[in-house]
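What's in start24.txt: compact mmCIF, C-alpha atoms
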```
# COMPACT_ATOMS: atom_id res chain seq x y z
CA ALA A 633 0.09 -20.94 -6.07
CA MET A 634 -1.03 -18.04 -3.96
CA PRO A 635 -4.41 -16.55 -4.91
CA ARG A 636 -3.62 -13.23 -6.54
CA ALA A 637 -5.14 -10.03 -5.10
CA SER A 638 -6.83 -11.84 -2.23
CA PRO A 639 -6.82 -9.77 0.95
CA HIS A 640 -7.32 -12.90 3.05
CA PHE A 641 -6.33 -16.50 2.59
CA TYR A 642 -6.66 -19.62 4.68
CA ALA A 643 -4.31 -22.53 5.16
CA ALA A 644 -4.98 -25.85 6.87
CA ARG A 645 -2.71 -28.90 6.99
CA GLY A 646 -1.26 -28.35 3.51
CA PRO A 647 -0.51 -25.20 1.53
CA PHE A 648 -3.86 -23.54 0.83
CA GLU A 649 -5.89 -26.63 1.67
CA GLU A 650 -9.52 -25.46 1.85
CA ALA A 651 -8.37 -22.06 0.58
CA THR A 652 -11.13 -21.73 -2.01
CA PHE A 653 -13.82 -20.49 0.37
CA GLY A 654 -11.68 -17.75 1.85
CA TYR A 655 -10.52 -16.65 -1.59
CA GLU A 656 -13.98 -16.56 -3.15
CA ALA A 657 -15.36 -14.47 -0.31
CA SER A 658 -12.59 -11.95 -0.75
CA LEU A 659 -13.31 -11.46 -4.44
CA ARG A 660 -15.93 -8.87 -3.53
CA PHE A 661 -12.96 -6.49 -3.23
CA PRO A 662 -11.19 -7.01 -6.59
CA GLY A 663 -8.06 -4.89 -6.79
CA ALA A 664 -8.80 -3.21 -3.47
CA ASP A 665 -7.39 -3.38 0.00
CA PRO A 666 -10.51 -3.55 2.20
CA ASP A 667 -11.06 -1.08 5.00
CA ASP A 668 -11.69 -2.15 8.60
CA ALA A 669 -15.43 -2.54 8.16
CA ALA A 670 -15.13 -4.59 4.97
CA ALA A 671 -12.37 -6.80 6.38
CA THR A 672 -14.45 -7.44 9.50
CA ALA A 673 -17.50 -8.35 7.39
CA VAL A 674 -15.47 -10.86 5.37
CA ALA A 675 -13.94 -12.35 8.50
CA ASP A 676 -17.36 -12.73 10.13
CA GLU A 677 -18.63 -14.56 7.05
CA LEU A 678 -15.62 -16.83 6.92
CA LEU A 679 -15.75 -17.59 10.63
CA SER A 680 -19.39 -18.65 10.35
CA ALA A 681 -18.30 -21.63 8.24
CA ALA A 682 -14.68 -22.13 9.31
CA LYS A 683 -13.56 -25.37 10.93
CA PRO A 684 -11.59 -25.29 14.18
CA GLY A 685 -7.88 -25.56 13.56
CA LEU A 686 -7.88 -23.44 10.43
CA LEU A 687 -5.46 -20.57 10.17
CA HIS A 688 -6.55 -17.19 8.82
CA VAL A 689 -3.72 -15.05 7.50
CA SER A 690 -4.84 -11.50 6.76
CA VAL A 691 -2.57 -9.54 4.43
CA SER A 692 -4.74 -6.40 4.46
CA THR A 693 -3.74 -3.02 5.82
CA LEU A 694 -5.90 -2.59 8.92
CA SER A 695 -5.95 -0.40 11.98
CA PRO A 696 -4.29 -1.87 15.08
CA VAL A 697 -7.68 -1.79 16.82
CA CYS A 698 -9.33 -3.80 14.03
CA ALA A 699 -6.53 -6.37 13.88
CA THR A 700 -6.75 -6.88 17.65
CA ASP A 701 -10.53 -7.28 17.47
CA LEU A 702 -10.27 -9.81 14.62
CA GLU A 703 -7.77 -11.81 16.64
CA ARG A 704 -10.23 -11.96 19.55
CA LYS A 705 -13.07 -13.13 17.30
CA HIS A 706 -10.93 -15.87 15.81
CA GLN A 707 -9.79 -17.07 19.23
CA GLU A 708 -13.44 -17.36 20.31
CA ALA A 709 -14.18 -19.44 17.19
CA GLY A 710 -11.15 -21.71 17.67
CA VAL A 711 -9.52 -20.41 14.49
CA GLY A 712 -5.97 -19.16 14.33
CA PHE A 713 -5.37 -15.59 13.21
CA VAL A 714 -2.15 -13.95 12.07
CA ALA A 715 -2.02 -10.38 10.81
CA ALA A 716 0.51 -10.23 7.99
CA PRO A 717 0.07 -6.99 6.04
CA VAL A 718 2.04 -7.05 2.82
CA PHE A 719 4.49 -4.57 1.36
CA ALA A 720 4.43 -5.09 -2.41
CA ARG A 721 2.95 -3.70 -5.56
CA PRO A 722 1.22 -6.30 -7.79
CA GLU A 723 4.27 -6.82 -9.99
CA ASN A 724 6.45 -7.45 -6.93
CA MET A 725 3.90 -9.88 -5.52
CA ARG A 726 3.92 -11.93 -8.72
CA ALA A 727 7.73 -11.99 -8.72
CA GLY A 728 7.90 -13.29 -5.14
CA GLN A 729 9.43 -10.03 -3.93
CA ALA A 730 6.88 -9.16 -1.24
CA SER A 731 7.67 -8.38 2.38
CA PHE A 732 5.39 -9.10 5.34
CA ALA A 733 5.08 -7.76 8.86
CA LEU A 734 3.39 -10.43 10.93
CA SER A 735 2.07 -10.77 14.45
CA GLY A 736 -0.66 -12.50 16.41
CA GLY A 737 -1.05 -15.94 17.92
CA ASP A 738 2.18 -17.49 19.18
CA ALA A 739 5.54 -18.13 17.54
CA ALA A 740 4.46 -21.56 16.28
CA LEU A 741 1.32 -20.14 14.64
CA ARG A 742 3.30 -17.38 12.96
CA GLN A 743 5.81 -19.92 11.63
CA ARG A 744 2.90 -21.92 10.25
CA ALA A 745 1.66 -18.79 8.50
CA ILE A 746 5.07 -18.38 6.87
CA ASP A 747 5.40 -22.03 5.86
CA GLU A 748 1.87 -22.53 4.53
CA ALA A 749 1.06 -19.14 3.06
CA LEU A 750 3.58 -16.33 3.05
CA SER A 751 6.46 -18.37 1.62
CA HIS A 752 4.58 -18.41 -1.70
CA ALA A 753 5.15 -14.67 -2.03
CA ALA A 754 8.29 -13.95 -0.02
CA PRO A 755 11.37 -15.72 1.34
CA ALA A 756 11.47 -16.24 5.10
CA GLU A 757 13.99 -13.44 5.59
CA ARG A 758 11.39 -10.97 4.27
CA CYS A 759 8.83 -12.01 6.90
CA PHE A 760 9.32 -9.84 9.99
CA ASP A 761 7.91 -11.10 13.30
CA PHE A 762 6.48 -8.44 15.64
CA GLY A 763 5.22 -10.73 18.39
CA ASP A 764 1.97 -12.02 19.81
CA SER A 765 -0.30 -8.97 19.45
CA ALA A 766 -2.04 -8.80 16.07
CA GLY A 767 -2.18 -5.02 16.34
CA ALA A 768 1.62 -4.78 16.24
CA ALA A 769 1.95 -5.81 12.58
CA ALA A 770 -0.85 -3.42 11.69
CA ALA A 771 1.07 -0.56 13.32
CA ALA A 772 4.27 -1.57 11.52
CA LYS A 773 2.43 -1.57 8.20
CA LEU A 774 0.96 1.88 8.80
CA THR A 775 4.44 3.14 9.68
CA GLY A 776 5.78 1.88 6.37
CA ASN A 777 2.89 3.23 4.33
CA PHE A 778 3.25 6.63 5.99
CA MET A 779 6.90 6.72 4.95
CA ILE A 780 6.02 5.69 1.37
CA ALA A 781 3.40 8.45 1.16
CA GLY A 782 5.94 10.90 2.55
CA ALA A 783 8.41 9.81 -0.13
CA ILE A 784 5.78 10.43 -2.83
CA GLU A 785 5.25 13.94 -1.46
CA ALA A 786 9.00 14.60 -1.27
CA LEU A 787 9.60 13.33 -4.81
CA ALA A 788 6.74 15.44 -6.17
CA GLU A 789 7.94 18.64 -4.52
CA GLY A 790 11.63 18.01 -5.12
CA LEU A 791 11.32 17.21 -8.83
CA ASP A 792 9.03 20.20 -9.31
CA LEU A 793 11.69 22.35 -7.66
CA ALA A 794 14.35 21.00 -10.03
CA GLU A 795 12.12 21.51 -13.05
CA GLY A 796 11.27 25.02 -11.91
CA HIS A 797 14.97 25.84 -12.17
CA GLY A 798 15.20 24.51 -15.70
CA LEU A 799 16.53 21.03 -14.95
CA ASP A 800 15.39 17.79 -16.55
CA ARG A 801 13.44 16.09 -13.77
CA GLN A 802 14.33 12.60 -15.02
CA GLN A 803 18.04 13.43 -15.10
CA VAL A 804 17.87 14.73 -11.53
CA LEU A 805 16.06 11.57 -10.44
CA ARG A 806 18.70 9.35 -12.07
CA MET A 807 21.40 11.17 -10.11
CA LEU A 808 19.56 10.82 -6.81
CA THR A 809 18.44 7.18 -7.19
CA SER A 810 21.92 6.07 -8.20
CA THR A 811 23.51 7.73 -5.16
CA ILE A 812 21.89 8.94 -1.93
CA PHE A 813 18.36 7.62 -2.62
CA ASP A 814 19.21 4.24 -4.14
CA CYS A 815 16.21 2.26 -2.89
CA ALA A 816 13.13 0.61 -4.38
CA ILE A 817 10.59 3.21 -3.22
CA TYR A 818 12.50 6.19 -4.62
CA ARG A 819 13.37 4.36 -7.85
CA GLY A 820 9.87 3.00 -8.48
CA TYR A 821 7.72 5.94 -7.44
CA GLY A 822 10.37 8.40 -8.59
CA ASP A 823 10.16 7.03 -12.12
CA ARG A 824 6.38 7.40 -12.17
CA ILE A 825 6.51 10.91 -10.78
CA ALA A 826 9.38 12.06 -12.99
CA ARG A 827 7.52 10.84 -16.12
CA ARG A 828 4.11 11.91 -14.77
CA ASP A 829 2.85 8.41 -15.54
CA HIS A 830 0.32 7.44 -12.89
CA SER A 831 -1.57 4.76 -14.79
CA GLU A 832 -4.19 2.66 -13.08
CA GLY A 833 -3.48 -0.87 -11.91
CA GLY A 834 -1.18 -0.33 -8.95
CA PHE A 835 -2.21 1.03 -5.57
CA SER A 836 -5.30 3.17 -6.02
CA MET A 837 -5.91 6.70 -4.81
CA ALA A 838 -8.85 5.36 -2.77
CA ASN A 839 -6.49 2.98 -0.98
CA GLY A 840 -4.09 5.85 -0.38
CA LEU A 841 -6.86 7.86 1.25
CA LYS A 842 -7.91 4.88 3.37
CA ASP A 843 -4.37 4.39 4.64
CA ALA A 844 -3.83 8.10 5.26
CA ARG A 845 -6.94 8.10 7.44
CA LEU A 846 -5.78 4.99 9.30
CA ILE A 847 -2.40 6.60 9.95
CA ARG A 848 -4.04 9.80 11.20
CA ASP A 849 -6.38 7.88 13.51
CA ALA A 850 -3.59 5.61 14.82
CA ALA A 851 -1.53 8.69 15.67
CA ALA A 852 -4.46 10.28 17.47
CA ALA A 853 -5.03 7.11 19.51
CA THR A 854 -1.53 7.31 20.97
CA ARG A 855 -1.26 11.13 20.96
CA THR A 856 1.63 10.90 18.50
CA ALA A 857 2.48 14.20 16.79
CA MET A 858 2.49 13.64 13.00
CA PRO A 859 2.23 16.99 11.22
CA LEU A 860 3.30 15.45 7.91
CA GLY A 861 0.73 12.68 8.42
CA ALA A 862 -2.00 15.28 8.91
CA HIS A 863 -0.88 17.11 5.77
CA LEU A 864 -0.87 13.89 3.73
CA ALA A 865 -4.35 12.94 4.97
CA ALA A 866 -5.70 16.33 3.91
CA SER A 867 -4.01 16.07 0.49
CA PHE A 868 -5.40 12.59 -0.16
CA GLU A 869 -8.89 13.77 0.87
CA ILE A 870 -8.76 16.39 -1.89
CA ALA A 871 -7.02 14.23 -4.49
CA ALA A 872 -9.46 11.34 -4.02
CA MET A 873 -12.37 13.67 -4.80
CA ASP A 874 -10.78 15.13 -7.94
CA PRO A 875 -12.31 13.35 -10.97
CA ASN A 876 -9.16 14.05 -13.00
CA ILE A 877 -6.91 11.95 -10.78
CA SER A 878 -9.08 9.95 -8.37
CA HIS A 879 -8.98 6.86 -10.63
CA LEU A 880 -5.19 6.84 -10.94
CA ASP A 881 -2.38 5.27 -8.93
CA TRP A 882 -1.85 6.93 -5.56
CA SER A 883 1.40 8.37 -6.87
CA ALA A 884 -0.85 10.81 -8.77
CA LEU A 885 -0.83 12.73 -5.50
CA ALA A 886 2.16 14.36 -7.24
CA LEU A 887 -0.25 15.96 -9.73
CA HIS A 888 -2.26 17.39 -6.87
CA VAL A 889 0.92 18.69 -5.24
CA ALA A 890 1.92 20.48 -8.46
CA GLY A 891 -1.58 21.73 -9.22
CA LEU A 892 -1.60 19.64 -12.39
CA ALA A 893 -4.74 17.59 -11.83
CA GLY A 894 -5.96 18.50 -15.31
CA ALA A 895 -2.86 17.05 -17.01
CA PRO A 896 -3.33 13.70 -18.81
CA PRO A 897 -1.60 10.71 -17.16
CA THR A 898 1.00 10.27 -19.89
CA PRO A 899 4.77 10.68 -19.82
CA ALA A 900 6.00 14.22 -20.33
CA PRO A 901 8.57 14.71 -23.10
CA PRO A 902 12.04 15.37 -21.65
CA GLY A 903 12.48 19.04 -20.78
CA THR A 904 8.77 19.82 -21.07
CA ARG A 905 7.19 22.09 -18.48
CA TRP A 906 3.52 21.52 -18.06
CA ASP A 907 0.95 24.31 -17.80
CA GLY A 908 0.22 24.80 -14.14
CA HIS A 909 3.82 24.61 -12.96
CA PRO A 910 4.67 27.79 -11.03
CA SER A 911 7.48 28.53 -13.48
CA SER A 912 5.41 27.87 -16.60
CA SER A 913 5.37 30.63 -19.18
CA ALA A 914 3.05 31.40 -22.04
CA THR A 915 5.26 29.24 -24.26
CA SER A 916 4.90 26.15 -22.06
CA ARG A 917 3.48 23.20 -23.93
CA ARG A 918 1.69 19.99 -23.04
```

Show this structure as structure tokens.
Amino acid sequence: AMPRASPHFYAARGPFEEATFGYEASLRFPGADPDDAAATAVADELLSAAKPGLLHVSVSTLSPVCATDLERKHQEAGVGFVAAPVFARPENMRAGQASFALSGGDAALRQRAIDEALSHAAPAERCFDFGDSAGAAAAAKLTGNFMIAGAIEALAEGLDLAEGHGLDRQQVLRMLTSTIFDCAIYRGYGDRIARRDHSEGGFSMANGLKDARLIRDAAAATRTAMPLGAHLAASFEIAAMDPNISHLDWSALALHVAGLAGAPPTPAPPGTRWDGHPSSSATSRR
């Protein structure tokens, strides 16, 4: 089976043959998606003992620059490298419902990555090939994560707007996710945000900040205008420093948006308006 929560895994001639070393080294980041520096440090350690012919499949969210640099280092060591950042929360990963953007090496190497590693977490049709440059998959992943973060922001603001006009935020969400926003991101994150349940154990606020910074820097590198990206980066900077929400799932950005960082991360009773909402009155209750 696929090592759970490992940001890197190796495959040789059989599925996960000699995978133990790569997995053990990655355990220094339990529950975290390593940043560029950490991922590079792990790769350097693995390459120092890797045998030629091994394949390194990295499922971390990295900058395009870092992914390209890792590919070069692996080529110099005679080790294959495929960047395959994953789209999946832990529960989706365990259910085999992940999706991967992959690139690097050649078509044969990428097919090997699917057959020997990625197929344990996703069917082949959920593995999307972006070509020979390892940086391409990294850019695709950042694009997706930007859109997820934007959806979190939109859900937070939209449901607050509905609640401010006296509507049940969960009822509004049910209408939207059964019609014009019937997709996994809006259903999953919408449920968390509607119930104000941002429990730990998913994608951390620290990881959200890391990705927001990567998106901002990737946009700057190509002079791409991303005003929403800049706004999200600034919001995550503040939220990640707030002791009331910094330990929660990154969907707790919704609490920052609403000015509710002091609210406990528990579901709100239907129809309840929390103190801190712009429309809250003296009779509002927690």

In the coordinates of the file, take the point (-2.2, -3.0, -6.7) and a cut-off of 7 Å; then, counting only C-alpha atoms, name each qualifying protein, DNA or RNA residue as an MDAnalysis selection string. chainID A and resid 663 721:722 833:836

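Checking A:Phe760, A:Ala769, A:His688, A:Ala720 one by one against Leu741 of chain A, counting all atoms listed in the file, you find the shortest gap at A:His688.
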
Which residues are close to Val718 of chain A, i.e. within 12 Å by all atoms listed in the file, leaving aside same-chain residues fewer than 2 positions away? Reply as a count of residues only. 38

Quick one: pull the distance between atom CA of Ala838 of chain A and atom CA of Trp882 of chain A, Å, one decimal. 7.7 Å

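All polymer residues at most 12 Å from (-4.2, 19.4, 0.1), using all atoms listed in the file, appear as Glu785, Leu841, Leu860, Gly861, Ala862, His863, Leu864, Ala865, Ala866, Ser867, Phe868, Glu869, Ile870, Ala871, Ala872, Met873, Asp874, Leu885, Ala886, Leu887, His888, Val889, Ala890 and Gly891 of chain A.
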
As an exercise, work out the distance from atom CA of Met858 of chain A to atom CA of Ala844 of chain A in Å and give it to one decimal place. 11.4 Å

If we count only C-alpha atoms and set the cut-off at 8 Å, which residues sit around Thr700 of chain A, ignoring sequence neighbours fewer than 4 positions away in its own chain? Please answer as a ChimeraX atom specification. /A:696,704,765-767

Which residue of A:Ala727, A:Cys698, A:Ala682, A:Leu791 approaches Pro755 of chain A most closely, using only C-alpha atoms: A:Ala727

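If you look at atom CA of Met779 of chain A and atom CA of Asp843 of chain A, they are 11.5 Å away from each other.
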